[in-house]
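Engineer: File name input_19.txt; file contents compact mmCIF, C-alpha atoms and all ligand atoms; full text below.
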```
# COMPACT_ATOMS: atom_id res chain seq x y z
CA MET A 4 10.25 -10.83 -78.11
CA ARG A 5 12.65 -13.66 -78.76
CA CYS A 6 11.98 -17.20 -79.88
CA LEU A 7 12.17 -19.53 -76.87
CA LEU A 8 14.02 -22.13 -78.93
CA CYS A 9 16.60 -20.26 -81.05
CA LEU A 10 16.58 -16.90 -79.17
CA LYS A 11 16.34 -14.92 -82.42
CA PRO A 12 13.92 -11.97 -82.55
CA SER A 13 10.46 -13.32 -83.24
CA LEU A 14 6.82 -12.24 -83.43
CA GLY A 15 5.73 -15.28 -81.42
CA TYR A 16 7.10 -17.42 -78.60
CA ILE A 17 8.23 -19.90 -81.23
CA CYS A 18 9.55 -18.29 -84.45
CA ARG A 19 8.30 -19.40 -87.84
CA GLU A 20 11.56 -21.16 -88.74
CA CYS A 21 11.54 -23.24 -85.56
CA ASP A 22 7.84 -23.93 -85.88
CA GLU A 23 8.37 -25.34 -89.39
CA ALA A 24 11.49 -27.25 -88.41
CA ILE A 25 9.95 -29.06 -85.44
CA LYS A 26 7.91 -31.96 -86.73
CA ALA A 27 5.42 -33.94 -84.68
CA ARG A 28 5.95 -37.68 -85.27
CA PRO A 29 4.08 -40.20 -83.13
CA ARG A 30 6.32 -42.82 -81.51
CA VAL A 31 5.19 -45.67 -79.29
CA HIS A 32 6.98 -46.52 -76.04
CA THR A 33 6.16 -49.45 -73.82
CA LEU A 34 6.12 -48.67 -70.10
CA ARG A 35 5.59 -52.14 -68.67
CA ASP A 36 1.88 -52.75 -69.43
CA LEU A 37 1.09 -49.22 -70.57
CA GLU A 38 1.76 -47.85 -74.04
CA ALA A 39 2.81 -44.23 -74.30
CA ILE A 40 2.91 -42.17 -77.46
CA THR A 41 5.30 -39.23 -77.74
CA PHE A 42 5.53 -36.74 -80.59
CA TYR A 43 8.75 -34.73 -80.48
CA ASP A 44 12.48 -35.36 -80.27
CA TYR A 45 13.60 -34.32 -76.82
CA ASP A 46 16.46 -32.19 -78.22
CA ASP A 47 14.05 -30.24 -80.45
CA ILE A 48 11.93 -28.97 -77.59
CA ALA A 49 14.26 -29.22 -74.56
CA PRO A 50 14.40 -25.41 -74.00
CA LEU A 51 10.63 -25.40 -73.63
CA THR A 52 10.78 -27.91 -70.82
CA TYR A 53 12.47 -25.11 -68.84
CA ALA A 54 10.25 -22.34 -70.22
CA LYS A 55 7.22 -24.18 -68.88
CA TYR A 56 8.06 -22.97 -65.39
CA TYR A 57 7.31 -19.38 -66.47
CA PRO A 58 3.97 -17.92 -67.52
CA PHE A 59 4.99 -17.37 -71.18
CA GLY A 60 5.83 -21.06 -71.51
CA ALA A 61 2.11 -21.79 -71.70
CA PHE A 62 1.91 -20.20 -75.16
CA ALA A 63 4.70 -22.35 -76.53
CA LEU A 64 3.27 -25.53 -74.99
CA LYS A 65 -0.12 -24.72 -76.47
CA ARG A 66 1.42 -24.50 -79.95
CA LEU A 67 3.15 -27.88 -79.53
CA ALA A 68 -0.10 -29.47 -78.32
CA ILE A 69 -2.06 -28.13 -81.28
CA LYS A 70 0.56 -29.49 -83.71
CA ALA A 71 0.87 -32.92 -82.12
CA PHE A 72 -2.14 -34.00 -80.08
CA LYS A 73 -4.97 -32.38 -82.01
CA PRO A 74 -4.54 -34.17 -85.37
CA PHE A 75 -3.75 -37.40 -83.53
CA PHE A 76 -6.98 -37.31 -81.49
CA ARG A 77 -9.01 -36.12 -84.46
CA ASP A 78 -7.95 -39.20 -86.47
CA LEU A 79 -8.06 -41.65 -83.56
CA LYS A 80 -10.63 -44.40 -84.08
CA LEU A 81 -12.41 -45.05 -80.79
CA GLU A 82 -15.59 -47.02 -80.22
CA ASN A 83 -16.49 -44.99 -77.15
CA ALA A 84 -15.71 -41.53 -75.89
CA ALA A 85 -12.58 -41.23 -73.76
CA ALA A 86 -11.57 -38.80 -71.05
CA LEU A 87 -8.22 -37.05 -71.46
CA ILE A 88 -6.66 -36.89 -68.02
CA PRO A 89 -3.80 -34.42 -67.56
CA ILE A 90 -1.54 -35.44 -64.72
CA ASP A 91 -1.69 -32.45 -62.49
CA ASP A 92 1.17 -32.74 -60.10
CA ARG A 93 3.30 -29.63 -60.18
CA LEU A 94 2.51 -28.00 -56.91
CA GLY A 95 3.59 -24.39 -56.77
CA ALA A 96 3.94 -24.03 -60.54
CA TRP A 97 2.70 -20.88 -62.21
CA TYR A 98 0.06 -22.83 -64.06
CA SER A 99 -0.70 -26.45 -64.82
CA HIS A 100 1.08 -27.14 -68.10
CA SER A 101 -0.53 -30.55 -68.48
CA ALA A 102 -3.92 -28.83 -68.29
CA VAL A 103 -2.79 -26.34 -70.96
CA LEU A 104 -1.74 -29.26 -73.19
CA ALA A 105 -5.00 -31.16 -72.67
CA LYS A 106 -7.18 -28.14 -73.35
CA ALA A 107 -5.30 -27.24 -76.55
CA GLY A 108 -4.84 -30.81 -77.76
CA ALA A 109 -8.18 -32.55 -77.23
CA ASP A 110 -10.29 -33.30 -80.29
CA GLY A 111 -12.72 -35.85 -81.71
CA MET A 112 -14.09 -38.28 -79.13
CA VAL A 113 -11.55 -37.24 -76.52
CA THR A 114 -12.63 -34.71 -73.90
CA PRO A 115 -10.33 -33.16 -71.29
CA ARG A 116 -11.31 -33.70 -67.66
CA PHE A 117 -9.36 -31.46 -65.31
CA GLY A 118 -8.32 -32.05 -61.72
CA ARG A 119 -9.26 -35.79 -61.81
CA LEU A 120 -5.83 -37.07 -60.72
CA ARG A 121 -4.01 -34.82 -58.31
CA ALA A 122 -0.78 -35.88 -56.62
CA GLN A 123 -0.84 -35.61 -52.86
CA SER A 124 2.91 -36.10 -52.46
CA LYS A 125 4.87 -32.89 -51.86
CA GLU A 126 8.13 -34.31 -53.25
CA ARG A 127 9.89 -32.69 -56.21
CA TYR A 128 10.54 -35.23 -58.94
CA ALA A 129 12.31 -33.28 -61.68
CA GLY A 130 15.72 -34.84 -62.39
CA LYS A 131 15.22 -37.61 -59.84
CA THR A 132 16.18 -41.23 -60.43
CA PHE A 133 13.95 -44.21 -60.99
CA ALA A 134 14.80 -45.47 -57.49
CA PHE A 135 13.77 -42.17 -55.92
CA ARG A 136 10.51 -42.09 -57.86
CA ALA A 137 9.72 -45.70 -57.06
CA ALA A 138 10.33 -45.02 -53.35
CA HIS A 139 8.20 -41.86 -53.33
CA PRO A 140 4.87 -42.55 -54.99
CA ARG A 141 2.75 -39.52 -55.83
CA ARG A 142 -0.34 -40.92 -54.17
CA PHE A 143 -2.87 -39.66 -56.67
CA ALA A 144 -6.23 -38.56 -55.38
CA PHE A 145 -8.87 -39.73 -57.83
CA LYS A 146 -11.95 -37.69 -58.65
CA GLY A 147 -14.56 -39.37 -60.82
CA PHE A 148 -15.51 -38.67 -64.42
CA ALA A 149 -18.24 -39.96 -66.73
CA GLU A 150 -16.22 -41.87 -69.35
CA GLN A 151 -15.15 -45.47 -68.83
CA ASN A 152 -12.05 -45.07 -70.98
CA ALA A 153 -9.24 -42.67 -70.24
CA ILE A 154 -6.09 -41.42 -71.95
CA LEU A 155 -3.40 -40.06 -69.67
CA LEU A 156 -1.44 -36.94 -70.60
CA ASP A 157 1.85 -35.61 -69.30
CA ASP A 158 4.31 -33.19 -70.86
CA LEU A 159 7.49 -35.23 -70.47
CA ILE A 160 8.16 -38.92 -69.81
CA THR A 161 11.32 -39.58 -67.85
CA THR A 162 11.18 -42.95 -66.09
CA GLY A 163 7.49 -43.64 -66.73
CA THR A 164 6.73 -44.32 -63.06
CA THR A 165 4.33 -41.36 -62.82
CA LEU A 166 2.23 -42.57 -65.73
CA LEU A 167 2.23 -46.16 -64.46
CA GLU A 168 1.09 -45.03 -61.03
CA ALA A 169 -1.61 -42.85 -62.62
CA ALA A 170 -2.82 -45.76 -64.77
CA PHE A 171 -2.92 -48.04 -61.74
CA THR A 172 -4.96 -45.45 -59.81
CA LEU A 173 -7.49 -45.30 -62.63
CA GLU A 174 -7.74 -49.10 -62.79
CA LYS A 175 -8.26 -49.32 -59.04
CA ASN A 176 -11.20 -46.96 -59.49
CA GLY A 177 -12.82 -49.05 -62.21
CA LYS A 178 -11.59 -47.04 -65.22
CA ASN A 179 -9.88 -48.33 -68.33
CA PRO A 180 -6.64 -46.49 -69.15
CA LEU A 181 -6.16 -46.96 -72.90
CA PHE A 182 -2.67 -45.46 -73.25
CA ALA A 183 -0.75 -42.30 -72.44
CA VAL A 184 0.44 -39.36 -74.50
CA ALA A 185 3.29 -36.93 -73.84
CA LEU A 186 5.16 -34.33 -75.85
CA THR A 187 8.49 -36.06 -75.53
CA HIS A 188 10.54 -38.78 -73.88
CA ALA A 189 13.79 -37.87 -72.11
CA GLN A 190 16.19 -40.77 -72.56
ZN ZN B 1 13.25 -19.96 -83.34
```
What do you get writing this file as structure tokens?
Ligand SMILES: [Zn+2]
Structural biologist:
Amino acid sequence: MRCLLCLKPSLGYICRECDEAIKARPRVHTLRDLEAITFYDYDDIAPLTYAKYYPFGAFALKRLAIKAFKPFFRDLKLENAAALIPIDDRLGAWYSHSAVLAKAGADGMVTPRFGRLRAQSKERYAGKTFAFRAAHPRRFAFKGFAEQNAILLDDLITTGTTLLEAAFTLEKNGKNPLFAVALTHAQ
């Protein structure tokens, strides 16, 4: 097979050279009243944001989640357990990549809870502007979970409106969204 990032022949979906070159560095972004932490430079992993639409992309995403989220959650000091809520909005995708990321990345006092926030909107949001996103809310359906505290997870932050809407939905349902995590932020 070929490396999804550099296209050179490789034993894995990400070759060893790329795997060593791509460093996970936590960075904090402020999305109005929600903090979001991202881990990779967008340019480093941009090819994978296309690969995610194919079944093999799951393997590459899993590797990125293990490198970034797992040590972060393992070292995170929390007083109470928190639910990790993948934002599960890609209708018609081959698989839910946010679920793949949450499953591979959870650790410590953070437990993934799947299918808790599901978008009811049928719109396609990739590449759309802030104005479009603001005018077409995703209308998340909330399903309960045990923990009071929640950490939101998405693969890519573009305008931040999805995460803000998700956080608002949690608050409306009596939950406490602590912050959000994502692999990268597209500027
Ligand atoms: Zn490579």
Engineer: Which protein, DNA or RNA residues have an atom within 8 Å of ligand ZN 1 (chain B), counting only C-alpha atoms and all ligand atoms, as a list in words?
Structural biologist: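 Final answer, ordered by chain and number: Arg5, Cys6, Leu7, Leu8, Cys9, Leu10, Lys11, Ser13, Ile17, Cys18, Arg19, Glu20, Cys21 and Asp22 of chain A.
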Engineer: So how far away is atom CA of Gly118 of chain A from atom CA of Ser101 of chain A, in Å?
Structural biologist: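 Distance between the two atoms: 10.4 Å.
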Engineer: Using all atoms listed in the file, which residue out of A:Leu14, A:Ile90, A:Val103, A:Leu186 lies closest to Asp44 of chain A?
Structural biologist: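 Of A:Leu14, A:Ile90, A:Val103, A:Leu186, the one nearest Asp44 of chain A, counting all atoms listed in the file, is A:Leu186.
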Engineer: Pick the closest to Ala137 of chain A from A:Asp47, A:Glu168, A:Glu174, A:Glu82: which is it, counting all atoms listed in the file?
Structural biologist: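 Under the stated criterion, the closest residue is A:Glu168.
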Engineer: Counting all atoms listed in the file, which residue out of A:Pro50, A:Asn83, A:Leu167, A:Phe62 sits closest to Leu37 of chain A?
Structural biologist: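 Counting all atoms listed in the file, the residue closest to Leu37 of chain A is A:Leu167.
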Engineer: Do you have the atom CA of Arg142 of chain A-atom CA of Gly177 of chain A distance handy?
Structural biologist: 16.9 Å
Engineer: Using only C-alpha atoms and a cutoff of 9 Å, can you tell me which residues are near (-2.7, -29.0, -72.4) in the file's coordinates, and write them out as a list in words?
Structural biologist: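 In the file's frame, the residues around the point are Ala61, Leu64, Lys65, Ala68, Ile69, Pro89, Ser99, His100, Ser101, Ala102, Val103, Leu104, Ala105, Lys106, Ala107, Gly108, Ala109, Pro115, Leu156, Asp157 and Asp158 of chain A.
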Engineer: Can those selected residues be exported to a file as an mmCIF file, keeping the file's coordinate frame so that it contains C-alpha atoms?
Structural biologist:
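again17.cif written:
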```cif
data_model
loop_
_atom_site.group_PDB
_atom_site.id
_atom_site.type_symbol
_atom_site.label_atom_id
_atom_site.label_comp_id
_atom_site.auth_asym_id
_atom_site.auth_seq_id
_atom_site.Cartn_x
_atom_site.Cartn_y
_atom_site.Cartn_z
ATOM 1 C CA ALA A 61 2.110 -21.790 -71.700
ATOM 2 C CA LEU A 64 3.270 -25.530 -74.990
ATOM 3 C CA LYS A 65 -0.120 -24.720 -76.470
ATOM 4 C CA ALA A 68 -0.100 -29.470 -78.320
ATOM 5 C CA ILE A 69 -2.060 -28.130 -81.280
ATOM 6 C CA PRO A 89 -3.800 -34.420 -67.560
ATOM 7 C CA SER A 99 -0.700 -26.450 -64.820
ATOM 8 C CA HIS A 100 1.080 -27.140 -68.100
ATOM 9 C CA SER A 101 -0.530 -30.550 -68.480
ATOM 10 C CA ALA A 102 -3.920 -28.830 -68.290
ATOM 11 C CA VAL A 103 -2.790 -26.340 -70.960
ATOM 12 C CA LEU A 104 -1.740 -29.260 -73.190
ATOM 13 C CA ALA A 105 -5.000 -31.160 -72.670
ATOM 14 C CA LYS A 106 -7.180 -28.140 -73.350
ATOM 15 C CA ALA A 107 -5.300 -27.240 -76.550
ATOM 16 C CA GLY A 108 -4.840 -30.810 -77.760
ATOM 17 C CA ALA A 109 -8.180 -32.550 -77.230
ATOM 18 C CA PRO A 115 -10.330 -33.160 -71.290
ATOM 19 C CA LEU A 156 -1.440 -36.940 -70.600
ATOM 20 C CA ASP A 157 1.850 -35.610 -69.300
ATOM 21 C CA ASP A 158 4.310 -33.190 -70.860
#
```
Engineer: Show me, as number ranges by chain, the residues that have an atom within 12 Å of Val184 of chain A when counting all atoms listed in the file, minus same-chain residues fewer than 4 positions from it.
Structural biologist: A: 29-34, 37-43, 68, 71-73, 75-76, 87-90, 101, 104-105, 108-109, 153-160, 163, 166, 180, 188
Engineer: Please measure the separation of atom CA of Gly147 of chain A and atom CA of Thr165 of chain A, giving the value in Å to one decimal.
Structural biologist: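 Between atom CA of Gly147 of chain A and atom CA of Thr165 of chain A the gap works out to 19.1 Å.
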Engineer: Choose the residue, out of A:Leu81, A:Tyr45, A:Ala122, A:Pro12, that has the smallest atom-to-atom separation from Ala185 of chain A; count only C-alpha atoms.
Structural biologist: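 Distance minimum relative to Ala185 of chain A lands on A:Tyr45.
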Engineer: Which is closer to Thr162 of chain A than all the others in A:His139, A:Arg66, A:Lys131, A:Arg121, using all atoms listed in the file?
Structural biologist: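 Looking at the shortest contact to Thr162 of chain A, the residue is A:Lys131.
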Engineer: From the set A:Ala24, A:Ala86, A:Met4, A:Ala63, which residue has the shortest atom-to-atom contact distance to Ala149 of chain A, counting only C-alpha atoms?
Structural biologist: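 Smallest distance to Ala149 of chain A is found for A:Ala86.
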Engineer: Show me, as a list in words, the residues that have an atom within 8 Å of Thr172 of chain A when counting all atoms listed in the file, minus same-chain residues fewer than 3 positions from it.
Structural biologist: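 With the cut-off at 8 Å, the set is Phe143, Phe145, Glu168, Ala169, Lys175 and Asn176 of chain A.
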